[in-house]
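Content type TSV, C-alpha atoms, from the file model-v8.tsv:
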```tsv
chain	number	residue	atom	x	y	z
L	1	MET	CA	127.14	66.65	63.88
L	2	PRO	CA	130.05	64.15	63.99
L	3	ILE	CA	129.92	63.55	67.76
L	4	PHE	CA	126.29	62.43	67.54
L	5	ASN	CA	126.78	60.06	64.62
L	6	ASP	CA	127.74	56.93	66.58
L	7	THR	CA	124.82	54.73	65.62
L	8	LYS	CA	126.34	51.71	67.36
L	9	VAL	CA	125.86	53.54	70.67
L	10	ALA	CA	122.52	55.06	69.68
L	11	PHE	CA	120.86	51.77	68.71
L	12	ALA	CA	122.69	49.29	70.92
L	13	ASP	CA	119.38	48.04	72.39
L	14	LYS	CA	117.56	47.69	69.05
L	15	THR	CA	117.29	44.52	67.00
L	16	ASP	CA	117.47	44.63	63.21
L	17	ALA	CA	113.71	43.99	63.07
L	18	GLN	CA	113.01	46.91	65.42
L	19	LEU	CA	115.18	49.21	63.34
L	20	ARG	CA	113.45	48.20	60.12
L	21	LYS	CA	110.04	48.84	61.71
L	22	ALA	CA	111.21	52.24	62.96
L	23	TYR	CA	112.53	53.07	59.49
L	24	TRP	CA	109.13	52.24	57.97
L	25	MET	CA	107.30	54.44	60.49
L	26	PHE	CA	109.57	57.45	60.02
L	27	LYS	CA	109.31	56.97	56.25
L	28	MET	CA	105.53	57.26	56.55
L	29	ILE	CA	105.78	60.33	58.79
L	30	GLU	CA	108.15	61.96	56.30
L	31	GLN	CA	105.27	62.41	53.82
L	32	PRO	CA	103.08	65.39	54.92
L	33	ALA	CA	100.04	64.42	52.84
L	34	LEU	CA	100.22	60.80	53.98
L	35	THR	CA	100.70	61.88	57.60
L	36	SER	CA	97.69	64.19	57.46
L	37	LEU	CA	95.45	61.52	55.97
L	38	GLY	CA	96.80	58.76	58.18
L	39	THR	CA	96.41	60.68	61.43
L	40	SER	CA	92.83	61.64	60.56
L	41	VAL	CA	91.91	58.04	59.76
L	42	LEU	CA	93.70	56.80	62.87
L	43	ASN	CA	91.87	59.21	65.16
L	44	PHE	CA	88.53	58.25	63.62
L	45	THR	CA	89.01	54.48	63.77
L	46	VAL	CA	90.38	54.45	67.33
L	47	HIS	CA	87.70	56.86	68.57
L	48	ASN	CA	85.06	54.56	67.10
L	49	ASN	CA	86.56	51.47	68.74
L	50	PHE	CA	87.78	49.51	65.73
L	51	PRO	CA	89.46	46.69	67.72
L	52	PHE	CA	91.90	45.59	65.03
L	53	VAL	CA	93.23	49.15	64.74
L	54	THR	CA	94.04	49.25	68.45
L	55	GLY	CA	96.15	46.12	68.03
L	56	ILE	CA	97.98	47.59	65.04
L	57	VAL	CA	98.71	50.83	66.93
L	58	LYS	CA	100.16	48.90	69.88
L	59	LYS	CA	102.44	46.93	67.58
L	60	THR	CA	103.69	49.98	65.68
L	61	LEU	CA	103.43	53.53	67.03
L	62	PHE	CA	103.24	52.40	70.67
L	63	GLU	CA	106.38	50.30	70.39
L	64	GLN	CA	108.33	53.24	68.98
L	65	PHE	CA	107.00	56.24	70.88
L	66	VAL	CA	105.07	55.04	73.98
L	67	GLY	CA	106.04	53.10	77.09
L	68	GLY	CA	102.76	51.24	77.42
L	69	GLU	CA	99.15	51.62	78.52
L	70	THR	CA	100.02	51.72	82.24
L	71	ARG	CA	102.95	52.73	84.43
L	72	GLU	CA	103.58	49.10	85.28
L	73	GLU	CA	103.66	48.11	81.61
L	74	SER	CA	106.01	51.04	80.90
L	75	MET	CA	108.54	49.95	83.54
L	76	LYS	CA	110.18	47.64	81.01
L	77	ALA	CA	111.20	50.70	78.98
L	78	VAL	CA	112.19	52.60	82.15
L	79	LYS	CA	114.54	49.83	83.25
L	80	GLN	CA	116.04	49.41	79.79
L	81	LEU	CA	116.75	53.15	79.51
L	82	PHE	CA	118.22	53.35	83.00
L	83	LYS	CA	120.61	50.49	82.32
L	84	ARG	CA	122.24	52.92	79.91
L	85	GLY	CA	122.11	55.89	82.24
L	86	VAL	CA	118.98	57.56	80.83
L	87	GLY	CA	116.12	58.50	83.12
L	88	SER	CA	112.42	58.42	82.25
L	89	ILE	CA	109.74	61.05	82.72
L	90	PHE	CA	106.30	59.47	82.80
L	91	ASP	CA	104.04	61.55	80.55
L	92	TYR	CA	100.39	60.65	81.06
L	93	SER	CA	99.41	61.64	77.54
L	94	ILE	CA	95.70	62.30	77.74
L	95	GLU	CA	94.69	65.20	75.49
L	96	GLY	CA	91.58	66.93	74.25
L	97	LYS	CA	89.25	66.47	77.25
L	98	GLU	CA	87.79	69.40	79.19
L	99	ASP	CA	85.52	68.08	81.93
L	100	GLU	CA	86.05	68.33	85.68
L	101	GLU	CA	85.95	64.57	86.13
L	102	THR	CA	88.85	64.15	83.70
L	103	PHE	CA	90.81	66.98	85.34
L	104	ASP	CA	90.41	65.35	88.75
L	105	GLY	CA	91.30	61.95	87.32
L	106	VAL	CA	94.48	63.20	85.66
L	107	CYS	CA	95.49	65.05	88.83
L	108	GLN	CA	95.10	61.82	90.80
L	109	GLU	CA	97.12	59.96	88.17
L	110	ILE	CA	99.96	62.50	88.49
L	111	LYS	CA	99.91	62.10	92.28
L	112	ASP	CA	100.03	58.33	91.83
L	113	ILE	CA	103.06	58.75	89.53
L	114	ILE	CA	104.80	60.75	92.27
L	115	LYS	CA	104.21	58.02	94.86
L	116	PHE	CA	105.12	55.34	92.33
L	117	SER	CA	108.47	57.03	91.60
L	118	VAL	CA	109.58	57.78	95.17
L	119	GLY	CA	113.07	56.41	95.77
L	120	ASN	CA	113.55	55.47	92.12
L	121	PRO	CA	116.40	57.46	90.49
L	122	ALA	CA	115.30	56.11	87.09
L	123	ILE	CA	112.34	58.54	87.27
L	124	PRO	CA	113.96	61.92	88.08
L	125	PHE	CA	111.05	64.21	87.07
L	126	ILE	CA	107.28	64.39	87.22
L	127	VAL	CA	105.46	66.29	84.46
L	128	PHE	CA	102.00	67.59	83.62
L	129	LYS	CA	100.33	69.99	81.19
L	130	PRO	CA	98.36	72.95	82.56
L	131	THR	CA	95.38	72.03	80.38
L	132	ALA	CA	95.33	68.62	82.04
L	133	PHE	CA	94.07	70.47	85.12
L	134	GLY	CA	91.76	73.09	83.57
L	135	ARG	CA	90.17	74.51	80.43
L	136	ILE	CA	92.37	76.54	78.07
L	137	ASP	CA	89.68	79.23	77.78
L	138	LEU	CA	89.77	79.68	81.54
L	139	TYR	CA	93.56	80.11	81.53
L	140	GLU	CA	93.18	82.70	78.78
L	141	ALA	CA	90.57	84.65	80.75
L	142	VAL	CA	92.67	84.61	83.92
L	143	GLY	CA	95.80	85.64	81.98
L	144	LYS	CA	93.94	88.63	80.53
L	145	ASN	CA	92.63	89.63	83.98
L	146	ALA	CA	89.10	89.30	82.64
L	147	GLU	CA	86.23	89.60	85.10
L	148	LEU	CA	85.29	86.03	86.05
L	149	THR	CA	81.82	84.83	86.93
L	150	SER	CA	81.25	83.15	90.29
L	151	SER	CA	81.34	79.71	88.68
L	152	GLN	CA	84.55	80.57	86.81
L	153	LYS	CA	86.17	81.71	90.06
L	154	GLU	CA	85.25	78.39	91.65
L	155	GLU	CA	86.58	76.56	88.59
L	156	TRP	CA	89.87	78.45	88.73
L	157	ALA	CA	90.18	77.71	92.45
L	158	ARG	CA	90.01	74.01	91.57
L	159	VAL	CA	92.79	74.46	88.98
L	160	VAL	CA	94.99	76.19	91.57
L	161	LYS	CA	94.20	73.42	94.07
L	162	ARG	CA	95.29	70.73	91.60
L	163	PHE	CA	98.56	72.57	90.92
L	164	ASP	CA	99.20	72.98	94.61
L	165	GLU	CA	98.40	69.38	95.54
L	166	VAL	CA	100.86	68.03	92.96
L	167	CYS	CA	103.63	70.52	93.78
L	168	LYS	CA	103.18	70.00	97.52
L	169	LEU	CA	103.42	66.23	97.14
L	170	CYS	CA	106.56	66.58	95.04
L	171	HIS	CA	108.04	68.85	97.70
L	172	GLU	CA	107.23	66.32	100.42
L	173	HIS	CA	108.86	63.48	98.46
L	174	ASP	CA	111.75	65.52	97.01
L	175	LYS	CA	110.68	64.94	93.41
L	176	LYS	CA	111.17	67.56	90.69
L	177	VAL	CA	108.03	68.49	88.72
L	178	MET	CA	108.03	70.12	85.28
L	179	ILE	CA	104.98	72.03	84.09
L	180	ASP	CA	104.77	71.98	80.31
L	181	ALA	CA	104.15	75.09	78.20
L	182	GLU	CA	101.26	75.27	75.76
L	183	GLU	CA	99.61	77.91	73.54
L	184	SER	CA	100.75	81.50	74.07
L	185	TRP	CA	97.25	82.81	74.79
L	186	MET	CA	96.96	80.71	77.93
L	187	GLN	CA	100.59	80.89	79.05
L	188	ASP	CA	100.44	84.08	81.15
L	189	ALA	CA	98.14	82.41	83.67
L	190	ALA	CA	100.23	79.23	83.65
L	191	ASP	CA	103.44	81.25	84.19
L	192	GLN	CA	101.86	83.05	87.13
L	193	LEU	CA	100.80	79.78	88.72
L	194	CYS	CA	104.27	78.32	88.19
L	195	GLU	CA	105.84	81.33	89.90
L	196	GLU	CA	103.46	81.03	92.84
L	197	MET	CA	104.38	77.36	93.21
L	198	MET	CA	108.11	78.16	92.92
L	199	GLU	CA	107.87	80.82	95.61
L	200	LYS	CA	106.08	78.34	97.85
L	201	TYR	CA	108.06	75.15	97.24
L	202	ASN	CA	111.46	76.21	95.82
L	203	GLN	CA	112.85	77.88	98.95
L	204	GLU	CA	115.65	75.33	99.32
L	205	LYS	CA	116.03	73.85	95.82
L	206	PRO	CA	114.19	73.82	92.47
L	207	ILE	CA	111.27	71.43	92.95
L	208	VAL	CA	108.86	73.20	90.56
L	209	TRP	CA	110.11	73.80	86.99
L	210	ASN	CA	108.40	75.95	84.36
L	211	THR	CA	108.77	75.45	80.59
L	212	ILE	CA	110.02	78.25	78.33
L	213	GLN	CA	109.34	78.10	74.58
L	214	MET	CA	112.19	79.93	72.89
L	215	TYR	CA	110.50	80.10	69.49
L	216	ARG	CA	108.30	82.72	71.12
L	217	THR	CA	109.22	86.40	71.32
L	218	HIS	CA	109.94	88.09	74.68
L	219	ARG	CA	110.65	84.85	76.54
L	220	LEU	CA	114.22	85.81	77.40
L	221	GLU	CA	112.91	89.04	78.92
L	222	TYR	CA	110.42	87.03	80.95
L	223	MET	CA	113.22	84.81	82.29
L	224	GLU	CA	115.24	87.88	83.31
L	225	GLU	CA	112.26	89.42	85.10
L	226	ASN	CA	111.46	86.14	86.84
L	227	LEU	CA	115.06	85.85	88.03
L	228	GLN	CA	114.81	89.30	89.57
L	229	ARG	CA	111.62	88.29	91.40
L	230	ALA	CA	113.26	85.05	92.54
L	231	ARG	CA	116.19	86.95	94.02
L	232	GLU	CA	113.87	89.40	95.77
L	233	LYS	CA	111.68	86.63	97.20
L	234	ASN	CA	114.56	84.18	97.74
L	235	TYR	CA	113.43	81.14	95.78
L	236	PHE	CA	115.11	78.94	93.16
L	237	ILE	CA	114.06	78.54	89.53
L	238	GLY	CA	113.86	75.42	87.40
L	239	TYR	CA	113.36	75.82	83.66
L	240	LYS	CA	112.76	73.35	80.90
L	241	ILE	CA	114.00	75.12	77.75
L	242	VAL	CA	112.41	74.04	74.46
L	243	ARG	CA	111.96	75.61	71.06
L	244	GLY	CA	108.21	74.99	70.85
L	245	ALA	CA	105.56	72.87	69.18
L	246	TYR	CA	102.57	75.01	68.20
L	247	MET	CA	104.03	77.29	65.52
L	248	GLU	CA	101.46	76.77	62.76
L	249	LYS	CA	98.54	77.12	65.17
L	250	GLU	CA	100.08	80.24	66.74
L	251	ARG	CA	100.68	81.97	63.41
L	252	ALA	CA	97.21	81.13	62.10
L	253	ARG	CA	95.47	82.44	65.22
L	254	ALA	CA	97.50	85.66	65.25
L	255	ALA	CA	96.61	86.30	61.60
L	256	GLU	CA	92.94	85.48	62.16
L	257	LYS	CA	92.56	87.70	65.23
L	258	GLY	CA	94.85	90.48	64.04
L	259	TYR	CA	97.46	90.58	66.80
L	260	ALA	CA	101.25	90.47	66.56
L	261	ASP	CA	102.68	87.07	65.69
L	262	PRO	CA	104.16	85.74	68.98
L	263	ILE	CA	106.59	83.43	67.16
L	264	GLN	CA	110.13	84.33	66.09
L	265	PRO	CA	110.24	85.29	62.38
L	266	ASN	CA	112.32	82.30	61.27
L	267	LYS	CA	114.23	79.26	62.48
L	268	GLU	CA	117.50	81.20	62.71
L	269	ALA	CA	115.91	83.67	65.13
L	270	SER	CA	114.49	80.78	67.20
L	271	ASP	CA	117.91	79.16	67.30
L	272	ARG	CA	119.54	82.43	68.42
L	273	ASN	CA	116.92	82.83	71.14
L	274	TYR	CA	117.43	79.24	72.32
L	275	ASN	CA	121.18	79.75	72.46
L	276	ALA	CA	120.68	83.00	74.39
L	277	GLY	CA	118.60	81.00	76.85
L	278	ILE	CA	121.52	78.60	77.29
L	279	ASP	CA	123.81	81.52	78.15
L	280	PHE	CA	121.28	83.04	80.53
L	281	ILE	CA	120.97	79.83	82.53
L	282	LEU	CA	124.66	78.93	82.62
L	283	ASN	CA	125.42	82.46	83.83
L	284	HIS	CA	122.97	82.16	86.74
L	285	LEU	CA	123.41	78.63	88.05
L	286	ASP	CA	123.38	79.97	91.59
L	287	LYS	CA	119.60	80.44	91.18
L	288	VAL	CA	118.56	78.69	87.97
L	289	SER	CA	118.63	75.02	86.95
L	290	ALA	CA	117.82	73.82	83.46
L	291	PHE	CA	116.44	70.87	81.54
L	292	PHE	CA	117.47	71.44	77.92
L	293	GLY	CA	114.73	69.72	75.95
L	294	THR	CA	116.02	69.55	72.39
L	295	HIS	CA	116.47	67.24	69.44
L	296	ASN	CA	118.95	69.69	67.95
L	297	GLU	CA	122.53	68.44	67.83
L	298	VAL	CA	124.04	71.93	67.55
L	299	SER	CA	122.27	73.18	70.67
L	300	SER	CA	123.19	70.04	72.60
L	301	GLU	CA	126.87	70.38	71.69
L	302	LEU	CA	126.75	74.10	72.49
L	303	VAL	CA	125.59	73.34	76.05
L	304	MET	CA	128.38	70.78	76.39
L	305	ASP	CA	131.01	73.24	75.14
L	306	LYS	CA	129.82	76.03	77.42
L	307	MET	CA	129.78	73.69	80.41
L	308	LYS	CA	133.35	72.69	79.66
L	309	ALA	CA	134.42	76.33	79.23
L	310	LYS	CA	132.99	77.12	82.66
L	311	GLY	CA	134.73	74.15	84.25
L	312	LEU	CA	131.46	72.37	85.06
L	313	GLU	CA	131.36	68.61	85.56
L	314	ASN	CA	129.33	66.63	83.02
L	315	ASP	CA	126.94	65.47	85.73
L	316	ASN	CA	126.38	68.92	87.22
L	317	PRO	CA	123.11	68.56	89.20
L	318	HIS	CA	121.71	71.83	87.79
L	319	ILE	CA	121.84	70.70	84.15
L	320	TYR	CA	119.78	68.03	82.38
L	321	PHE	CA	119.29	67.12	78.75
L	322	GLY	CA	116.09	65.60	77.43
L	323	GLN	CA	114.49	64.09	74.35
L	324	LEU	CA	111.31	62.20	73.52
L	325	TYR	CA	111.18	58.43	73.79
L	326	GLY	CA	111.74	56.83	70.40
L	327	MET	CA	113.54	59.82	68.94
L	328	SER	CA	117.06	61.27	68.89
L	329	ASP	CA	118.63	58.24	70.53
L	330	ASN	CA	121.89	59.35	68.91
L	331	ILE	CA	121.84	62.39	71.22
L	332	SER	CA	120.43	60.78	74.38
L	333	PHE	CA	122.74	57.80	74.54
L	334	TYR	CA	125.85	59.70	73.50
L	335	LEU	CA	125.25	62.16	76.34
L	336	SER	CA	124.55	59.44	78.89
L	337	ASP	CA	127.63	57.56	77.73
L	338	LYS	CA	129.68	60.67	78.54
L	339	GLY	CA	128.15	61.01	82.00
L	340	TYR	CA	125.67	63.85	81.42
L	341	ASN	CA	122.25	63.90	83.11
L	342	VAL	CA	119.72	62.73	80.51
L	343	ALA	CA	116.04	61.83	80.68
L	344	LYS	CA	113.48	60.95	78.04
L	345	TYR	CA	109.79	61.82	78.06
L	346	LEU	CA	108.01	58.46	78.21
L	347	PRO	CA	104.33	58.77	77.23
L	348	TYR	CA	101.84	56.19	78.46
L	349	GLY	CA	98.09	55.69	78.64
L	350	PRO	CA	95.23	53.75	77.01
L	351	VAL	CA	95.55	53.50	73.22
L	352	LYS	CA	92.34	55.45	72.58
L	353	ASP	CA	93.46	58.31	74.81
L	354	VAL	CA	97.08	58.47	73.63
L	355	VAL	CA	96.38	58.49	69.88
L	356	PRO	CA	95.67	62.27	69.83
L	357	TYR	CA	99.13	62.79	71.37
L	358	LEU	CA	100.74	60.45	68.84
L	359	THR	CA	99.07	62.11	65.86
L	360	ARG	CA	100.05	65.58	67.11
L	361	ARG	CA	103.67	64.43	67.42
L	362	ALA	CA	103.54	62.95	63.92
L	363	ARG	CA	102.35	66.28	62.49
L	364	GLU	CA	105.05	68.13	64.44
L	365	ASN	CA	107.75	65.82	63.07
L	366	THR	CA	106.49	66.42	59.56
L	367	SER	CA	106.68	70.19	60.01
L	368	VAL	CA	110.19	70.24	61.49
L	369	ALA	CA	112.59	70.43	58.60
L	370	GLY	CA	115.13	67.63	58.51
L	371	GLN	CA	114.14	65.92	61.75
L	372	THR	CA	112.47	62.84	60.26
L	373	GLY	CA	115.09	62.63	57.53
L	374	ARG	CA	117.82	62.61	60.16
L	375	GLU	CA	116.17	59.69	61.99
L	376	LEU	CA	115.91	57.78	58.72
L	377	GLY	CA	119.54	58.47	57.86
L	378	LEU	CA	120.79	57.27	61.24
L	379	ILE	CA	118.72	54.08	61.13
L	380	LYS	CA	119.92	53.33	57.60
L	381	LYS	CA	123.51	53.97	58.63
L	382	GLU	CA	123.22	51.49	61.51
L	383	LEU	CA	121.55	48.82	59.38
L	384	ASP	CA	124.33	49.22	56.79
L	385	ARG	CA	126.95	48.99	59.52
L	386	ARG	CA	125.48	45.73	60.80
L	387	ARG	CA	125.47	44.19	57.33
L	388	LYS	CA	129.22	44.69	56.91
```
When written as structure tokens, how does the structure in this file appear?
Amino acid sequence: MPIFNDTKVAFADKTDAQLRKAYWMFKMIEQPALTSLGTSVLNFTVHNNFPFVTGIVKKTLFEQFVGGETREESMKAVKQLFKRGVGSIFDYSIEGKEDEETFDGVCQEIKDIIKFSVGNPAIPFIVFKPTAFGRIDLYEAVGKNAELTSSQKEEWARVVKRFDEVCKLCHEHDKKVMIDAEESWMQDAADQLCEEMMEKYNQEKPIVWNTIQMYRTHRLEYMEENLQRAREKNYFIGYKIVRGAYMEKERARAAEKGYADPIQPNKEASDRNYNAGIDFILNHLDKVSAFFGTHNEVSSELVMDKMKAKGLENDNPHIYFGQLYGMSDNISFYLSDKGYNVAKYLPYGPVKDVVPYLTRRARENTSVAGQTGRELGLIKKELDRRRK
């Protein structure tokens, strides 16, 4: 889209060397076969503690997509983004672990992020994944109202306790917390927990925010039903609206287990559903606030146009835009330059623990038509502009 093509604004903080390195990385990600092989090798070598690989990862993928190994190390990126009006959302990107010690450790890390960010407008949101606090199989069982064993009931009570401790701390410190969405088969239990936390802590304003994946079917209906419950129980809603990131896994599981595919039939249907979500939120700003998480220029411009049509200020406190760190800078910095509320997800964590996150993102980029090519085109355009 023309309004998001100002590469001088998008890459104002990047040196020529940084742009060339980014171009090389996106060029690698653009090749599905190479991405598949590379991510498998990367996971293996990092998991087995090949020291030279860790150094390479820090100098390449980390520089582009990750803030650092610690919050303190990531503050350099936070400050640089905030100088240009873009907030940061610390994303402690530990994935693939399912033991109670890890769940407790991640919960403590999230609470430390909250305390670390108090009074800092550069960090407007806290975020965590439900499976960072409990096993996905347990969420699935709870969502299906399966009969739990005594030990499972105790395990679920610990999950609820972790949710509550984080949401309570955010409420006490007036920090907004977004709870990410994951696979559809565990989402019913996560939605229910989010609603319980909203009812408890969103009596005055939206502190707790749920995530809605609009590439799924029946999500708009869920939002409408939740709004009705919120009006009845007098609490506010915060939603992060995304398209979604588990399409191939979702389709494969539905086919394997013989249930209806929970994903919209095609991209056009997902786009229509996302746009319907925009309308739903902008028509109910008295109760609903939104974080539009999207790398899609059309959707971003649509939100802007609808805000303008409704006479809303660019910095309306109920509306945020968001992208991932290292991607879609053409959208993020254009929006911030025009005074909109923008924040980027800023992953951090030890190299060994963050690599699964990085490889998952690489596969997602490969599967999203045109996304990597767009990044390459923008980088090339800016490098050509600088040569003139």
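Residue nearest Ser300 of chain L within the list L:Val288, L:Ile3, L:Ala12, L:Met214: L:Ile3 [criterion: smallest interatomic distance, only C-alpha atoms].
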Gap from atom CA of Phe292 of chain L to atom CA of Asp91 of chain L - Å, one decimal: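 Separating atom CA of Phe292 of chain L from atom CA of Asp91 of chain L is a distance of 16.9 Å.
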Quick one: of L:Ile241, L:Ile113, L:Met198, L:Ala189, who's nearest to Thr211 of chain L, counting all atoms listed in the file?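 Comparing L:Ile241, L:Ile113, L:Met198, L:Ala189 against Thr211 of chain L, the winner is L:Ile241.
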Option closest in space to His295 of chain L, from L:Tyr325, L:Tyr357, L:Phe280, L:Phe11 [counting all atoms listed in the file]: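 Closest residue, counting all atoms listed in the file: L:Tyr325.
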All residues 6 Å or closer to segment 92-94 of chain L, only C-alpha atoms, same chain fewer than 3 positions away omitted, as a list in words: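 Here the qualifying residues turn out to be Pro347, Tyr348, Gly349, Asp353 and Val354 of chain L.
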As an exercise, work out the distance from atom CA of Val351 of chain L to atom CA of Phe62 of chain L in Å and give it to one decimal place.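 Value for the atom CA of Val351 of chain L-atom CA of Phe62 of chain L distance: 8.2 Å.
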Could you check the closest approach to Ser184 of chain L for each of L:Ile281, L:Ile237, L:Ile379, L:Ala245 and tell me which residue wins, using only C-alpha atoms?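 So, comparing all the options, the nearest one is L:Ala245.
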Could you tell me how far atom CA of Gln64 of chain L lies from atom CA of Thr7 of chain L, in Å and to one decimal?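 So the two atoms, atom CA of Gln64 of chain L and atom CA of Thr7 of chain L, lie 16.9 Å apart.
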Top pick for closest residue to Phe82 of chain L, considering L:Ala309, L:Leu282, L:Leu220, L:Ala343 and counting all atoms listed in the file: L:Ala343
